[in-house]
2 protein chains.
Amino acid sequence: MTSSERLDAAFAALADPTRRAILARLASGEASVLELTKPFAMSQPAISKHLKVLERAGLISRGRDAQRRPCRIEGKPLADVSDWLETYRQIWEANFQRLDALLEEMQTPEKKTTTRKGRRT
Amino acid sequence: MTSSERLDAAFAALADPTRRAILARLASGEASVLELTKPFAMSQPAISKHLKVLERAGLISRGRDAQRRPCRIEGKPLADVSDWLETYRQIWEANFQRLDALLEEMQTPEKKTTTRKGRRT
DNA sequence: ATTGTTCATAACTATTTCGTTATAGAACTA
DNA sequence: TAGTTCTATAACGAAATAGTTATGAACAAT
């Protein structure tokens, strides 16, 4: 699996609110499939499918405890996503700077130093 | 659109390598649809569709320049994704700590201080 | 041995996604 | 006006996704 394919899988897995909720739950510790099913208005097989998506993306791994298959969260793909995002940090920080500049300008209009930044929102 | 739906759209948009490549291109400045189409073995309508996905996710916005519709990258959704990820930072950093500990242990096996950390990869 | 619990898989349906080609529209250019 | 360029949309097909119900397999408990 290429690095790009791993990102594909991670982003796709994270694009579903049920799966993000599952990760949120697992962030506070391991859980069985039934435990993960409980909070959702959804069948157990549906959750099993979501878990399979998360597993194929490497976002969770599973152990064995008798009949139970406890799931735990894995950080690696999240770190990969974070690394990918890092490339764009400047961009969104630039956006915020523009916003900050605009807000500052609105609060102190007396110092009208022709700051033509913040052209857009 | 709820915060969750915005994350859905952002993650789904980022799950496609063509769209990530488009963003990478836009990170170095605005570009027209045709310019964005060039690098890909794909029709112009296909790229237009990708752009529509990126636009609905708020990841790009478009201007006007005669017939051209220059696209520019927008940082906000990336910032949202980054914020979401932040919740899990401890988790992947913990993973790395385990990995670091394991690697350290492998390099200096003489100091066999029964460190049973790093059970998993 | 039988019964109950936990989980996965199969089979099916509906919807969405990603690409195609063909075509239409909008804005320049001659 | 007529032609060219740039982009969007319509119509279509293949494949993936997200859910369902029904069922089977693995293990535990009695």
# chains A, B, ... in the order shown; residues from 1 in each chain; ligands from 1
>>> interface_residues(of="chain A", to="chain D", cutoff="10 Å", atoms="only C-alpha atoms (C1' of nucleotides)", output="ChimeraX atom specification")
/A:42-43,45-46,49-50,65-68
>>> write_last_selection(atoms="N, CA and C atoms", output="PDB file, in the first residue's frame")
ATOM      1  N   MET A  42     -28.189   1.568  15.415  1.00  0.00           N
ATOM      2  CA  MET A  42     -27.668   0.869  14.253  1.00  0.00           C
ATOM      3  C   MET A  42     -27.409  -0.577  14.644  1.00  0.00           C
ATOM      4  N   SER A  43     -27.533  -1.464  13.681  1.00  0.00           N
ATOM      5  CA  SER A  43     -27.356  -2.886  13.991  1.00  0.00           C
ATOM      6  C   SER A  43     -25.894  -3.216  14.287  1.00  0.00           C
ATOM      7  N   PRO A  45     -24.111  -5.685  12.927  1.00  0.00           N
ATOM      8  CA  PRO A  45     -23.324  -5.862  11.697  1.00  0.00           C
ATOM      9  C   PRO A  45     -22.883  -4.533  11.076  1.00  0.00           C
ATOM     10  N   ALA A  46     -23.713  -3.524  11.200  1.00  0.00           N
ATOM     11  CA  ALA A  46     -23.321  -2.212  10.663  1.00  0.00           C
ATOM     12  C   ALA A  46     -22.070  -1.714  11.374  1.00  0.00           C
ATOM     13  N   LYS A  49     -19.034  -3.528  10.279  1.00  0.00           N
ATOM     14  CA  LYS A  49     -18.520  -3.017   9.002  1.00  0.00           C
ATOM     15  C   LYS A  49     -17.695  -1.749   9.212  1.00  0.00           C
ATOM     16  N   HIS A  50     -18.196  -0.868  10.050  1.00  0.00           N
ATOM     17  CA  HIS A  50     -17.433   0.350  10.331  1.00  0.00           C
ATOM     18  C   HIS A  50     -16.074  -0.006  10.940  1.00  0.00           C
ATOM     19  N   ASP A  65     -10.372 -11.713  23.557  1.00  0.00           N
ATOM     20  CA  ASP A  65     -10.675 -11.955  24.959  1.00  0.00           C
ATOM     21  C   ASP A  65     -11.900 -12.846  24.961  1.00  0.00           C
ATOM     22  N   ALA A  66     -11.661 -14.153  24.866  1.00  0.00           N
ATOM     23  CA  ALA A  66     -12.750 -15.120  24.730  1.00  0.00           C
ATOM     24  C   ALA A  66     -13.556 -14.802  23.464  1.00  0.00           C
ATOM     25  N   GLN A  67     -14.883 -14.613  23.588  1.00  0.00           N
ATOM     26  CA  GLN A  67     -15.653 -14.281  22.375  1.00  0.00           C
ATOM     27  C   GLN A  67     -15.452 -12.838  21.962  1.00  0.00           C
ATOM     28  N   ARG A  68     -15.006 -12.050  22.879  1.00  0.00           N
ATOM     29  CA  ARG A  68     -14.891 -10.628  22.595  1.00  0.00           C
ATOM     30  C   ARG A  68     -13.683 -10.307  21.709  1.00  0.00           C
TER      31      ARG A  68
END
>>> closest_atom_pairs(of="chain C", to="chain B", cutoff="8 Å", atoms="only C-alpha atoms (C1' of nucleotides)", output="tab-separated table")
residue	atom	partner	partner_atom	distance
C:DC18	C1'	B:Ala46	CA	7.9
C:DG19	C1'	B:Ala46	CA	6.8
C:DA26	C1'	B:Gln67	CA	7.0
C:DA27	C1'	B:Gln67	CA	5.2
C:DC28	C1'	B:Ala66	CA	7.2
>>> write_last_selection(atoms="N, CA and C atoms (P, O5', C5', C4', C3', O3' and C1' of nucleotides)", output="mmCIF file, in the first residue's frame")
data_model
loop_
_atom_site.group_PDB
_atom_site.id
_atom_site.type_symbol
_atom_site.label_atom_id
_atom_site.label_comp_id
_atom_site.auth_asym_id
_atom_site.auth_seq_id
_atom_site.Cartn_x
_atom_site.Cartn_y
_atom_site.Cartn_z
ATOM 1 P P DC C 18 -15.385 10.538 -5.373
ATOM 2 O "O5'" DC C 18 -15.079 9.941 -6.824
ATOM 3 C "C5'" DC C 18 -14.578 8.602 -6.948
ATOM 4 C "C4'" DC C 18 -14.468 8.273 -8.413
ATOM 5 C "C3'" DC C 18 -13.915 9.425 -9.256
ATOM 6 O "O3'" DC C 18 -12.916 8.941 -10.137
ATOM 7 C "C1'" DC C 18 -15.950 8.652 -10.143
ATOM 8 P P DG C 19 -11.894 10.016 -10.799
ATOM 9 O "O5'" DG C 19 -12.400 10.049 -12.327
ATOM 10 C "C5'" DG C 19 -11.940 9.090 -13.204
ATOM 11 C "C4'" DG C 19 -13.009 8.619 -14.157
ATOM 12 C "C3'" DG C 19 -13.300 9.504 -15.369
ATOM 13 O "O3'" DG C 19 -12.277 9.414 -16.336
ATOM 14 C "C1'" DG C 19 -15.266 8.450 -14.540
ATOM 15 P P DA C 26 -25.148 31.902 -20.244
ATOM 16 O "O5'" DA C 26 -23.913 32.456 -19.380
ATOM 17 C "C5'" DA C 26 -22.879 31.564 -19.001
ATOM 18 C "C4'" DA C 26 -21.533 32.226 -19.225
ATOM 19 C "C3'" DA C 26 -21.596 33.700 -19.614
ATOM 20 O "O3'" DA C 26 -20.515 34.342 -18.959
ATOM 21 C "C1'" DA C 26 -20.429 32.533 -21.268
ATOM 22 P P DA C 27 -20.500 35.947 -18.860
ATOM 23 O "O5'" DA C 27 -19.111 36.298 -19.532
ATOM 24 C "C5'" DA C 27 -17.946 35.607 -19.088
ATOM 25 C "C4'" DA C 27 -16.885 35.716 -20.141
ATOM 26 C "C3'" DA C 27 -16.735 37.133 -20.719
ATOM 27 O "O3'" DA C 27 -15.369 37.424 -20.797
ATOM 28 C "C1'" DA C 27 -16.945 35.586 -22.445
ATOM 29 P P DC C 28 -14.804 38.862 -20.826
ATOM 30 O "O5'" DC C 28 -13.281 38.607 -21.225
ATOM 31 C "C5'" DC C 28 -12.812 39.195 -22.398
ATOM 32 C "C4'" DC C 28 -12.424 38.114 -23.401
ATOM 33 C "C3'" DC C 28 -11.779 38.732 -24.641
ATOM 34 O "O3'" DC C 28 -10.419 38.389 -24.682
ATOM 35 C "C1'" DC C 28 -13.347 37.010 -25.205
#
>>> closest_residue(among="B:Leu36, B:Ile91, B:Leu51, B:Leu59", to="chain A", atoms="only C-alpha atoms")
B:Ile91
>>> interface_residues(of="chain A", to="chain B", cutoff="7 Å", atoms="only C-alpha atoms", output="number ranges by chain")
A: 4, 7-9, 11-12, 14-17, 75-76, 78-79, 91-92, 95
>>> write_last_selection(atoms="C-alpha atoms", output="short mmCIF file (atom, residue, chain, number, x, y, z; two decimals), in the first residue's frame")
data_model
loop_
_atom_site.label_atom_id
_atom_site.label_comp_id
_atom_site.auth_asym_id
_atom_site.auth_seq_id
_atom_site.Cartn_x
_atom_site.Cartn_y
_atom_site.Cartn_z
CA SER A 4 -1.10 7.94 -0.92
CA LEU A 7 -3.96 8.59 3.25
CA ASP A 8 -6.93 7.72 1.04
CA ALA A 9 -8.00 5.05 3.49
CA PHE A 11 -9.35 10.20 5.22
CA ALA A 12 -12.17 8.04 3.89
CA LEU A 14 -12.58 9.59 9.06
CA ALA A 15 -15.27 10.97 6.75
CA ASP A 16 -18.04 9.15 8.62
CA PRO A 17 -19.44 10.56 11.87
CA GLY A 75 -2.24 6.50 16.29
CA LYS A 76 -0.08 5.96 13.22
CA LEU A 78 -3.59 9.99 12.52
CA ALA A 79 0.06 10.97 12.67
CA ILE A 91 -2.18 28.57 4.50
CA TRP A 92 -4.75 28.43 7.22
CA ASN A 95 -6.15 33.05 6.66
#
>>> residues_around(residues="A:Ser61", least_positions_apart="6", cutoff="9 Å", atoms="only C-alpha atoms (C1' of nucleotides)", output="VMD selection string")
chain A and resid 54 to 55 70 to 74
>>> atom_distance(atom1="atom CA of A:Arg69", atom2="atom CA of A:Ser32")
5.7 Å
>>> select_by_dssp(residues="stretch 16-83 of chain B", states="alpha helix (DSSP H)", output="short mmCIF file (atom, residue, chain, number, x, y, z; two decimals) with C-alpha atoms, in the first residue's frame")
data_model
loop_
_atom_site.label_atom_id
_atom_site.label_comp_id
_atom_site.auth_asym_id
_atom_site.auth_seq_id
_atom_site.Cartn_x
_atom_site.Cartn_y
_atom_site.Cartn_z
CA PRO B 17 -5.56 11.61 -4.38
CA THR B 18 -6.55 13.74 -7.36
CA ARG B 19 -8.17 16.27 -5.06
CA ARG B 20 -5.16 16.29 -2.73
CA ALA B 21 -2.94 16.89 -5.76
CA ILE B 22 -5.17 19.77 -6.79
CA LEU B 23 -4.80 21.28 -3.34
CA ALA B 24 -1.05 20.81 -3.52
CA ARG B 25 -1.02 22.70 -6.78
CA LEU B 26 -3.20 25.47 -5.36
CA VAL B 33 -9.61 24.82 -14.40
CA LEU B 34 -7.63 24.08 -17.54
CA GLU B 35 -4.34 24.55 -15.73
CA LEU B 36 -5.53 22.17 -13.07
CA THR B 37 -6.64 19.65 -15.68
CA GLN B 44 -11.94 18.44 -17.94
CA PRO B 45 -15.45 17.61 -16.69
CA ALA B 46 -13.91 15.12 -14.26
CA ILE B 47 -11.72 17.87 -12.84
CA SER B 48 -14.69 20.23 -12.69
CA LYS B 49 -16.46 17.64 -10.57
CA HIS B 50 -13.51 17.33 -8.24
CA LEU B 51 -13.44 21.09 -7.94
CA LYS B 52 -17.10 21.11 -7.06
CA VAL B 53 -16.45 18.61 -4.28
CA LEU B 54 -13.60 20.74 -2.96
CA GLU B 55 -15.76 23.84 -3.18
CA ARG B 56 -18.70 22.30 -1.32
CA LYS B 76 -10.59 27.06 7.21
CA PRO B 77 -11.62 23.41 6.73
CA LEU B 78 -8.01 22.32 7.08
CA ALA B 79 -7.87 24.22 10.34
CA ASP B 80 -11.03 22.43 11.44
CA VAL B 81 -9.50 19.07 10.59
CA SER B 82 -6.38 20.06 12.45
CA ASP B 83 -8.44 20.99 15.49
#
>>> atom_distance(atom1="atom CA of A:Lys38", atom2="atom CA of A:Gly58")
23.0 Å
>>> atom_distance(atom1="atom CA of B:Ala41", atom2="atom C1' of C:DG25")
25.3 Å
